[in-house]
Structure formats: C-alpha cells, structure tokens
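Heads up, data.pdb below (PDB, C-alpha atoms):
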```pdb
ATOM      1  CA  MET M   1     158.382 180.991 125.498
ATOM      2  CA  GLY M   2     158.198 180.655 121.759
ATOM      3  CA  LEU M   3     160.669 179.390 119.258
ATOM      4  CA  THR M   4     164.039 181.083 119.209
ATOM      5  CA  LEU M   5     167.062 180.855 116.952
ATOM      6  CA  TYR M   6     168.688 178.581 119.551
ATOM      7  CA  HIS M   7     166.213 175.799 118.852
ATOM      8  CA  PHE M   8     167.100 175.613 115.183
ATOM      9  CA  VAL M   9     170.840 176.091 115.550
ATOM     10  CA  ALA M  10     170.972 173.417 118.261
ATOM     11  CA  LEU M  11     168.913 171.051 116.096
ATOM     12  CA  GLY M  12     171.280 171.694 113.199
ATOM     13  CA  ALA M  13     174.304 171.051 115.420
ATOM     14  CA  VAL M  14     172.922 167.746 116.738
ATOM     15  CA  LEU M  15     171.997 166.596 113.242
ATOM     16  CA  PHE M  16     175.410 167.633 111.893
ATOM     17  CA  CYS M  17     177.138 165.528 114.567
ATOM     18  CA  ILE M  18     175.040 162.462 113.784
ATOM     19  CA  GLY M  19     175.853 162.861 110.095
ATOM     20  CA  LEU M  20     179.533 163.371 110.885
ATOM     21  CA  TYR M  21     179.578 160.156 112.905
ATOM     22  CA  GLY M  22     177.994 158.284 109.997
ATOM     23  CA  ALA M  23     180.417 159.804 107.495
ATOM     24  CA  ILE M  24     183.628 158.980 109.362
ATOM     25  CA  SER M  25     182.747 155.667 111.020
ATOM     26  CA  LYS M  26     181.027 153.662 108.279
ATOM     27  CA  LYS M  27     182.666 151.085 106.039
ATOM     28  CA  ASN M  28     180.060 150.993 103.281
ATOM     29  CA  ALA M  29     180.645 153.861 100.828
ATOM     30  CA  VAL M  30     176.907 154.378 100.326
ATOM     31  CA  ALA M  31     176.462 154.730 104.109
ATOM     32  CA  VAL M  32     179.204 157.378 104.099
ATOM     33  CA  LEU M  33     177.222 159.230 101.435
ATOM     34  CA  MET M  34     174.079 159.027 103.599
ATOM     35  CA  GLY M  35     176.011 160.653 106.458
ATOM     36  CA  ILE M  36     177.097 163.461 104.139
ATOM     37  CA  GLU M  37     173.495 164.027 103.049
ATOM     38  CA  ILE M  38     172.419 164.335 106.703
ATOM     39  CA  MET M  39     175.186 166.889 107.288
ATOM     40  CA  LEU M  40     174.051 168.949 104.291
ATOM     41  CA  ASN M  41     170.490 168.907 105.615
ATOM     42  CA  ALA M  42     171.684 170.115 109.010
ATOM     43  CA  VAL M  43     173.441 173.055 107.369
ATOM     44  CA  ASN M  44     170.300 173.840 105.373
ATOM     45  CA  ILE M  45     168.177 173.888 108.546
ATOM     46  CA  THR M  46     170.636 176.304 110.147
ATOM     47  CA  LEU M  47     170.677 178.607 107.104
ATOM     48  CA  VAL M  48     166.889 178.725 106.789
ATOM     49  CA  GLY M  49     166.678 179.382 110.539
ATOM     50  CA  PHE M  50     169.030 182.346 110.251
ATOM     51  CA  SER M  51     166.988 183.614 107.309
ATOM     52  CA  PHE M  52     163.768 183.356 109.348
ATOM     53  CA  PHE M  53     165.095 185.175 112.392
ATOM     54  CA  ASN M  54     166.789 187.958 110.415
ATOM     55  CA  THR M  55     164.806 191.127 111.159
ATOM     56  CA  VAL M  56     167.227 193.712 109.757
ATOM     57  CA  LYS M  57     165.576 195.716 106.997
ATOM     58  CA  PRO M  58     166.108 195.633 104.050
ATOM     59  CA  TYR M  59     168.370 192.586 104.150
ATOM     60  CA  SER M  60     165.699 190.321 105.600
ATOM     61  CA  THR M  61     163.643 190.767 102.417
ATOM     62  CA  PHE M  62     166.440 189.279 100.323
ATOM     63  CA  LEU M  63     166.008 185.816 101.942
ATOM     64  CA  THR M  64     169.719 185.113 101.587
ATOM     65  CA  GLY M  65     169.639 182.007 103.774
ATOM     66  CA  GLN M  66     166.895 180.406 101.728
ATOM     67  CA  ILE M  67     168.667 181.188  98.442
ATOM     68  CA  PHE M  68     171.838 179.614  99.826
ATOM     69  CA  ALA M  69     169.842 176.556 100.877
ATOM     70  CA  ILE M  70     168.515 176.202  97.321
ATOM     71  CA  PHE M  71     172.028 176.285  95.880
ATOM     72  CA  ILE M  72     173.230 173.790  98.499
ATOM     73  CA  ILE M  73     170.403 171.422  97.498
ATOM     74  CA  THR M  74     171.412 171.803  93.837
ATOM     75  CA  VAL M  75     175.072 171.045  94.492
ATOM     76  CA  ALA M  76     174.145 168.166  96.827
ATOM     77  CA  ALA M  77     172.065 166.533  94.096
ATOM     78  CA  ALA M  78     174.949 166.823  91.619
ATOM     79  CA  GLU M  79     177.365 165.488  94.219
ATOM     80  CA  ALA M  80     175.140 162.502  94.996
ATOM     81  CA  ALA M  81     174.860 161.591  91.301
ATOM     82  CA  VAL M  82     178.626 161.758  90.711
ATOM     83  CA  ALA M  83     179.490 159.951  93.948
ATOM     84  CA  LEU M  84     177.080 157.092  93.278
ATOM     85  CA  ALA M  85     178.422 156.738  89.726
ATOM     86  CA  MET M  86     181.928 156.496  91.189
ATOM     87  CA  ILE M  87     180.811 153.903  93.752
ATOM     88  CA  ILE M  88     179.195 151.752  91.054
ATOM     89  CA  SER M  89     182.268 152.081  88.817
ATOM     90  CA  ILE M  90     184.592 151.087  91.674
ATOM     91  CA  TYR M  91     182.340 148.164  92.557
ATOM     92  CA  ARG M  92     182.528 146.958  88.972
ATOM     93  CA  LYS M  93     186.337 146.955  89.059
ATOM     94  CA  ARG M  94     187.021 145.791  92.626
ATOM     95  CA  SER M  95     183.786 144.018  93.690
ATOM     96  CA  THR M  96     183.765 145.906  96.978
ATOM     97  CA  VAL M  97     182.323 149.128  98.379
ATOM     98  CA  ASP M  98     184.378 149.029 101.591
ATOM     99  CA  VAL M  99     186.081 152.423 101.814
ATOM    100  CA  GLY M 100     188.996 150.808 103.688
ATOM    101  CA  GLU M 101     189.797 148.580 100.723
ATOM    102  CA  ILE M 102     189.494 151.234  98.023
ATOM    103  CA  ASP M 103     193.133 152.332  97.870
ATOM    104  CA  MET M 104     193.852 152.827  94.171
ATOM    105  CA  MET M 105     194.974 156.422  94.806
ATOM    106  CA  ARG M 106     197.246 155.592  97.736
ATOM    107  CA  TRP M 107     200.767 156.744  96.999
TER     108      TRP M 107
ATOM    109  CA  MET F 108     153.835 176.413 124.926
ATOM    110  CA  ASP F 109     152.238 177.436 121.659
ATOM    111  CA  VAL F 110     151.414 175.234 118.714
ATOM    112  CA  ALA F 111     154.566 176.074 116.737
ATOM    113  CA  THR F 112     156.821 175.089 119.627
ATOM    114  CA  LEU F 113     154.929 171.845 120.165
ATOM    115  CA  LEU F 114     155.185 171.023 116.439
ATOM    116  CA  PHE F 115     158.877 171.890 116.487
ATOM    117  CA  TRP F 116     159.585 169.470 119.333
ATOM    118  CA  ILE F 117     157.583 166.641 117.750
ATOM    119  CA  VAL F 118     159.301 167.071 114.378
ATOM    120  CA  ALA F 119     162.741 167.558 115.934
ATOM    121  CA  VAL F 120     162.496 164.411 118.061
ATOM    122  CA  ILE F 121     161.410 162.312 115.073
ATOM    123  CA  LEU F 122     164.153 163.919 112.961
ATOM    124  CA  VAL F 123     166.962 163.178 115.413
ATOM    125  CA  GLY F 124     165.606 159.675 116.085
ATOM    126  CA  ALA F 125     165.487 158.860 112.372
ATOM    127  CA  ALA F 126     168.991 160.265 111.886
ATOM    128  CA  LEU F 127     170.221 158.037 114.731
ATOM    129  CA  MET F 128     168.523 155.090 113.037
ATOM    130  CA  VAL F 129     170.378 155.898 109.803
ATOM    131  CA  VAL F 130     173.743 155.550 111.534
ATOM    132  CA  MET F 131     172.786 152.753 113.960
ATOM    133  CA  LEU F 132     170.761 150.211 111.986
ATOM    134  CA  ARG F 133     172.475 146.985 111.010
ATOM    135  CA  SER F 134     171.051 146.763 107.501
ATOM    136  CA  VAL F 135     172.057 149.431 105.031
ATOM    137  CA  VAL F 136     168.719 149.199 103.206
ATOM    138  CA  HIS F 137     166.902 150.032 106.449
ATOM    139  CA  SER F 138     169.262 152.979 106.860
ATOM    140  CA  ALA F 139     168.301 154.238 103.410
ATOM    141  CA  LEU F 140     164.610 153.976 104.317
ATOM    142  CA  ALA F 141     165.172 155.850 107.595
ATOM    143  CA  LEU F 142     166.858 158.532 105.497
ATOM    144  CA  VAL F 143     163.475 159.204 103.832
ATOM    145  CA  VAL F 144     162.037 160.027 107.273
ATOM    146  CA  VAL F 145     164.952 162.393 107.931
ATOM    147  CA  PHE F 146     164.317 164.267 104.668
ATOM    148  CA  GLY F 147     160.560 164.459 105.242
ATOM    149  CA  MET F 148     160.937 165.791 108.779
ATOM    150  CA  ALA F 149     163.486 168.360 107.574
ATOM    151  CA  ALA F 150     160.791 169.548 105.152
ATOM    152  CA  GLY F 151     158.504 169.951 108.179
ATOM    153  CA  ILE F 152     161.139 172.132 109.859
ATOM    154  CA  TYR F 153     161.310 174.307 106.724
ATOM    155  CA  LEU F 154     157.523 174.704 106.790
ATOM    156  CA  LEU F 155     157.770 175.896 110.411
ATOM    157  CA  LEU F 156     160.277 178.513 109.210
ATOM    158  CA  ASN F 157     157.944 179.941 106.504
ATOM    159  CA  ALA F 158     160.121 178.448 103.735
ATOM    160  CA  GLU F 159     157.451 176.712 101.675
ATOM    161  CA  PHE F 160     159.484 176.600  98.460
ATOM    162  CA  ILE F 161     162.441 174.883 100.112
ATOM    163  CA  ALA F 162     160.117 172.402 101.822
ATOM    164  CA  ILE F 163     158.639 171.390  98.454
ATOM    165  CA  VAL F 164     162.068 171.225  96.818
ATOM    166  CA  GLN F 165     163.293 169.109  99.733
ATOM    167  CA  ILE F 166     160.484 166.596  99.232
ATOM    168  CA  LEU F 167     160.986 166.499  95.453
ATOM    169  CA  ILE F 168     164.773 166.301  95.272
ATOM    170  CA  TYR F 169     165.836 164.621  98.508
ATOM    171  CA  ALA F 170     162.947 162.355  99.434
ATOM    172  CA  GLY F 171     162.275 161.601  95.768
ATOM    173  CA  ALA F 172     165.420 161.660  93.663
ATOM    174  CA  VAL F 173     168.366 161.233  96.024
ATOM    175  CA  THR F 174     166.738 158.385  97.948
ATOM    176  CA  ILE F 175     165.971 156.536  94.715
ATOM    177  CA  LEU F 176     169.575 157.079  93.585
ATOM    178  CA  ILE F 177     170.875 155.668  96.878
ATOM    179  CA  LEU F 178     168.563 152.651  96.684
ATOM    180  CA  PHE F 179     169.692 152.012  93.095
ATOM    181  CA  ALA F 180     173.323 152.183  94.167
ATOM    182  CA  LEU F 181     172.629 149.723  96.988
ATOM    183  CA  MET F 182     170.913 147.399  94.547
ATOM    184  CA  LEU F 183     173.793 147.572  92.040
ATOM    185  CA  THR F 184     176.520 147.078  94.667
ATOM    186  CA  ARG F 185     175.026 144.070  96.383
ATOM    187  CA  THR F 186     177.211 142.388  98.964
ATOM    188  CA  GLU F 187     176.759 138.760 100.045
ATOM    189  CA  ASN F 188     174.330 139.350 102.866
ATOM    190  CA  ILE F 189     172.418 142.575 102.384
ATOM    191  CA  ASN F 190     169.977 141.999 105.224
ATOM    192  CA  ARG F 191     172.170 141.288 108.214
ATOM    193  CA  ASP F 192     175.206 143.250 109.277
ATOM    194  CA  SER F 193     175.610 144.991 105.927
ATOM    195  CA  ASN F 194     176.266 148.409 107.505
ATOM    196  CA  PRO F 195     179.393 147.870 109.611
ATOM    197  CA  THR F 196     181.526 150.495 111.308
ATOM    198  CA  ASN F 197     185.296 150.536 111.140
ATOM    199  CA  ARG F 198     187.656 149.764 114.028
ATOM    200  CA  LEU F 199     187.933 153.371 115.215
ATOM    201  CA  TRP F 200     184.201 153.998 115.673
ATOM    202  CA  TRP F 201     184.737 155.019 119.309
ATOM    203  CA  LEU F 202     187.168 157.722 118.185
ATOM    204  CA  ALA F 203     184.579 158.931 115.667
ATOM    205  CA  LEU F 204     182.002 159.037 118.477
ATOM    206  CA  ILE F 205     184.333 161.111 120.685
ATOM    207  CA  ILE F 206     185.077 163.538 117.831
ATOM    208  CA  CYS F 207     181.389 163.975 117.029
ATOM    209  CA  VAL F 208     180.385 164.548 120.664
ATOM    210  CA  LEU F 209     183.166 167.122 121.024
ATOM    211  CA  VAL F 210     182.160 168.946 117.826
ATOM    212  CA  GLY F 211     178.508 169.006 118.864
ATOM    213  CA  ALA F 212     179.211 170.105 122.431
ATOM    214  CA  GLY F 213     181.524 172.836 121.148
ATOM    215  CA  THR F 214     178.945 174.132 118.678
ATOM    216  CA  ILE F 215     176.075 174.181 121.166
ATOM    217  CA  LEU F 216     178.285 175.749 123.815
ATOM    218  CA  ALA F 217     179.389 178.413 121.352
ATOM    219  CA  VAL F 218     175.779 179.179 120.486
ATOM    220  CA  THR F 219     174.463 179.361 124.041
ATOM    221  CA  ILE F 220     177.401 180.697 126.077
ATOM    222  CA  SER F 221     178.900 183.135 123.606
ATOM    223  CA  PRO F 222     178.511 186.821 124.542
ATOM    224  CA  HIS F 223     177.789 187.566 120.896
ATOM    225  CA  ALA F 224     174.772 185.285 120.815
ATOM    226  CA  VAL F 225     171.462 187.131 120.790
ATOM    227  CA  ALA F 226     168.193 185.352 121.507
ATOM    228  CA  VAL F 227     166.175 186.507 118.535
ATOM    229  CA  THR F 228     162.476 185.688 118.552
ATOM    230  CA  GLY F 229     161.419 186.964 115.151
ATOM    231  CA  ASN F 230     158.226 185.752 113.562
ATOM    232  CA  GLY F 231     159.271 186.073 109.938
ATOM    233  CA  SER F 232     156.702 188.785 109.331
ATOM    234  CA  GLY F 233     159.348 191.394 108.564
ATOM    235  CA  GLN F 234     160.799 189.351 105.742
ATOM    236  CA  ILE F 235     158.629 189.879 102.703
ATOM    237  CA  PRO F 236     155.777 192.221 101.779
ATOM    238  CA  ALA F 237     152.368 190.966 102.788
ATOM    239  CA  ASN F 238     150.916 190.712  99.297
ATOM    240  CA  ILE F 239     153.461 188.257  97.857
ATOM    241  CA  ASN F 240     154.267 184.811  99.211
ATOM    242  CA  ASN F 241     157.521 182.961  99.681
ATOM    243  CA  VAL F 242     157.538 181.249  96.285
ATOM    244  CA  VAL F 243     156.931 184.512  94.417
ATOM    245  CA  ARG F 244     159.684 186.260  96.374
ATOM    246  CA  ILE F 245     162.207 183.496  95.652
ATOM    247  CA  GLY F 246     161.250 183.592  91.986
ATOM    248  CA  GLN F 247     161.897 187.327  91.911
ATOM    249  CA  LEU F 248     165.244 186.874  93.632
ATOM    250  CA  LEU F 249     166.355 184.059  91.339
ATOM    251  CA  TYR F 250     165.171 185.304  87.948
ATOM    252  CA  SER F 251     164.596 189.065  87.740
ATOM    253  CA  PRO F 252     167.519 190.422  85.704
ATOM    254  CA  SER F 253     167.166 194.078  86.692
ATOM    255  CA  SER F 254     166.904 194.272  90.469
ATOM    256  CA  TYR F 255     168.890 192.586  93.274
ATOM    257  CA  SER F 256     168.927 188.990  92.129
ATOM    258  CA  TYR F 257     170.867 185.781  91.796
ATOM    259  CA  VAL F 258     170.661 185.261  88.022
ATOM    260  CA  LEU F 259     174.379 184.581  87.497
ATOM    261  CA  PRO F 260     174.703 182.022  90.346
ATOM    262  CA  PHE F 261     171.560 180.368  89.032
ATOM    263  CA  GLU F 262     173.081 179.981  85.565
ATOM    264  CA  ILE F 263     176.317 178.659  87.058
ATOM    265  CA  ALA F 264     174.289 176.141  89.068
ATOM    266  CA  SER F 265     172.652 174.909  85.870
ATOM    267  CA  LEU F 266     176.128 174.493  84.350
ATOM    268  CA  VAL F 267     177.239 172.536  87.438
ATOM    269  CA  LEU F 268     174.247 170.221  87.047
ATOM    270  CA  LEU F 269     175.013 169.673  83.348
ATOM    271  CA  VAL F 270     178.647 168.841  84.086
ATOM    272  CA  ALA F 271     177.557 166.502  86.896
ATOM    273  CA  ILE F 272     175.148 164.634  84.593
ATOM    274  CA  VAL F 273     177.779 164.213  81.884
ATOM    275  CA  GLY F 274     180.398 163.250  84.460
ATOM    276  CA  ALA F 275     178.146 160.663  86.065
ATOM    277  CA  ILE F 276     177.482 159.084  82.657
ATOM    278  CA  VAL F 277     181.180 159.061  81.746
ATOM    279  CA  ILE F 278     182.269 157.623  85.105
ATOM    280  CA  GLY F 279     179.514 155.041  85.337
ATOM    281  CA  ARG F 280     179.783 153.822  81.743
ATOM    282  CA  GLU F 281     180.758 150.227  81.021
ATOM    283  CA  GLU F 282     184.244 149.804  79.592
ATOM    284  CA  ASP F 283     183.845 148.653  75.984
ATOM    285  CA  GLN F 284     186.435 146.049  75.181
TER     286      GLN F 284
END
```
Written form, structure tokens:
Amino acid sequence: MGLTLYHFVALGAVLFCIGLYGAISKKNAVAVLMGIEIMLNAVNITLVGFSFFNTVKPYSTFLTGQIFAIFIITVAAAEAAVALAMIISIYRKRSTVDVGEIDMMRW
Amino acid sequence: MDVATLLFWIVAVILVGAALMVVMLRSVVHSALALVVVFGMAAGIYLLLNAEFIAIVQILIYAGAVTILILFALMLTRTENINRDSNPTNRLWWLALIICVLVGAGTILAVTISPHAVAVTGNGSGQIPANINNVVRIGQLLYSPSSYSYVLPFEIASLVLLVAIVGAIVIGREEDQ
C-alpha cells in the first residue's frame, strides 16, 4: 500500500504532542519557544498533507493548504523574533529565563 | 512498499526521534541543535508532498533564521552552567506527559476510527496543470491581482512582519538612563 493521508496526519499529531509536552513542561523560556516551533511545524505538515491529497477539482488547483503553510511560516518567524526580544529584555531586568519566576504580570 | 513510502518512514522516524531529543536532552544548546534536524526532516516531508517551494522556505527561514535567533537568545541569556542540566522540566512534568499522550491518542483515534475519515490515496497529479510547476503556481496564487489570488493577505503579512521587526527592536532595546 502506498502513502495515505493517515500517514501524514498521524505524523503531525505525534509531532504536535511532542511539541506540546516541550511547551508546557519546560522551565527555560527558550525551550518553551522551541516546543512552540515544533507544534507549528506539525500543523504545517498536516496542512500540506491535506493540500496534497485534495483531489476535488477545481479547488485542488488553488493549493490552499500550501498557501496557509506559507502564512503560518511568516507569522511564526515574526512571533519568534518578538518572543526572543522579550526573553532577552526580561533576562536583562530579572537575570532569569525561568518561566516560573517571571511573574511581573501576576495580579 | 514503494520508494515514497520507504522514504516517508525513514524521514518520519528521524523527525520524531529528533523532536524527542529536543524535549529530552539535558543541555538546551543540544536541544537547539536537534531542532535543526527537525526542521530539515520536515522539509523532506514537504518534498514528498510535492511542495517544493515550502521545502525551500522551510530550510531558509526555519533551519537558517529561526535557529540562529534561538542560538543568539541562548547565548545572550546564559545561565551559570549551560552544559549540564540547563534544560529542566517543572514539577508537573508527569501531568504534562499525561495531557500530551491523551491529546495525541484522541487525535489519532479521531483520524482512524471516525466514520467521516476517508482513506485518500491521491498522487498530487490532479493539483496543478502539467506545464507549470509548484513554485510558478504559488507565485500566481500569491501575486496575480486579477484572478483568484491571495494578494491582500500577502500585503497584510508584510505589514505583520514590519510591525514585528519594529516591535522586536523596541522591546529589546537597552534602557537609556
């Protein structure tokens, strides 16, 4: 049997879970960001997989999944830049990147 | 088992293994280097799915730019001992593990058991006309102002990038006093 949509959706699900574990269990803020990047990649794999296995004319010629993946990559790059700037700024003020100790916005 | 399936399994196993290394390794710098493998293998998956443009963009932006940004952030936020035990988990890591296993099992179950799931085995040949390739088609979809295209979202994305650059500079600037 060849490749089916299941392969790619299951791969995306497994990768999303690994990224979710990294995002909610890590103390280092940069490691949390790495988990988020893995999650975004998992979603991209799923979207491109759906785009590949879409055989409905004429919608399959519009490559909607791939276009969405491009916009997700764009927003992820912007998000990474802003988040790392915030981490460096917080480190300069508090000398820590432990997300458990960053509580300036706690009410 | 044809060549595409074999390639898929090789790339998928390396991808999941590298992602596990990102969350398991004790040194956060080693995690960042394993992240490069994750991004490169994801580009391989995109190539298997006839998405050449996204594979190239993935290599350029993720494996190039984002990894360098993360390594710079690690270098600028140096803790006492960067090599050993610099990537700790919090006290509730077992709860995080349970949540993640439940989310993953639920998703895979929903995909495989659901009566709405259809096992599609397309080959991507019905997607685009034979005389233009993937990059040309994406260029038409992103830029052509007359036909069905994504010109307005593209312009908004450029605005988002501009705001993100300015915001990163403003947030990361040294306080002058």
What gap, in Å, lies between CA of Phe146 in chain F and CA of Ile70 in chain M?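 One can read the CA of Phe146 in chain F to CA of Ile70 in chain M distance as 14.6 Å.
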Proximal residues of chain M relative to chain F (only C-alpha atoms; 6 Å) as a PyMOL selection string: chain M and resi 3-5+10+13+17+21-22+25-27+52-53+60-61+78+82+85+89
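You will find CA of Ala162 in chain F at 15.5 Å from CA of Ile38 in chain M.
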As a VMD selection string, please: the residues near Gly12 in chain M (cut-off 8 Å, only C-alpha atoms, same-chain neighbours under 5 positions excluded). chain M and resid 42 to 43 45 to 46
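Residues matched by the PyMOL selection byres ((chain M and resi 23) around 9) in this file: Ile18, Gly19, Leu20, Tyr21, Gly22, Ile24, Ser25, Lys26, Ala29, Ala31, Val32, Leu33, Met34, Gly35, Ile36 and Met39 of chain M; Val130 of chain F.
For the pair CA of Leu40 in chain M and CA of Thr96 in chain M, the interatomic distance is 26.1 Å.
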Given the PyMOL selection byres ((chain M and resi 102) around 12), the residues it picks as a PyMOL selection string: chain M and resi 27-29+86-87+89-91+93-101+103-106
Near Thr64 in chain M, within 9 Å and counting all atoms listed in the file, which residues show up once chain neighbours fewer than 4 positions away are dropped, as JSON, numbers by chain? {"M": [47, 48, 51, 59, 60, 68, 69]}
Counting all atoms listed in the file, which of F:Leu114, F:Leu140, F:Met148, F:Leu154 gets nearest to Gly49 in chain M?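 Among the listed residues, the smallest separation from Gly49 in chain M belongs to F:Leu154.
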Please write out, as JSON, where the centre of an axis-aligned box around all listed atoms of range 57-61 of chain M lies and how long its edges are, in Å to one decimal, after adding 4 Å on each side.
```
{"center_x": 166.0, "center_y": 193.0, "center_z": 104.7, "size_x": 12.7, "size_y": 13.4, "size_z": 12.6}
```
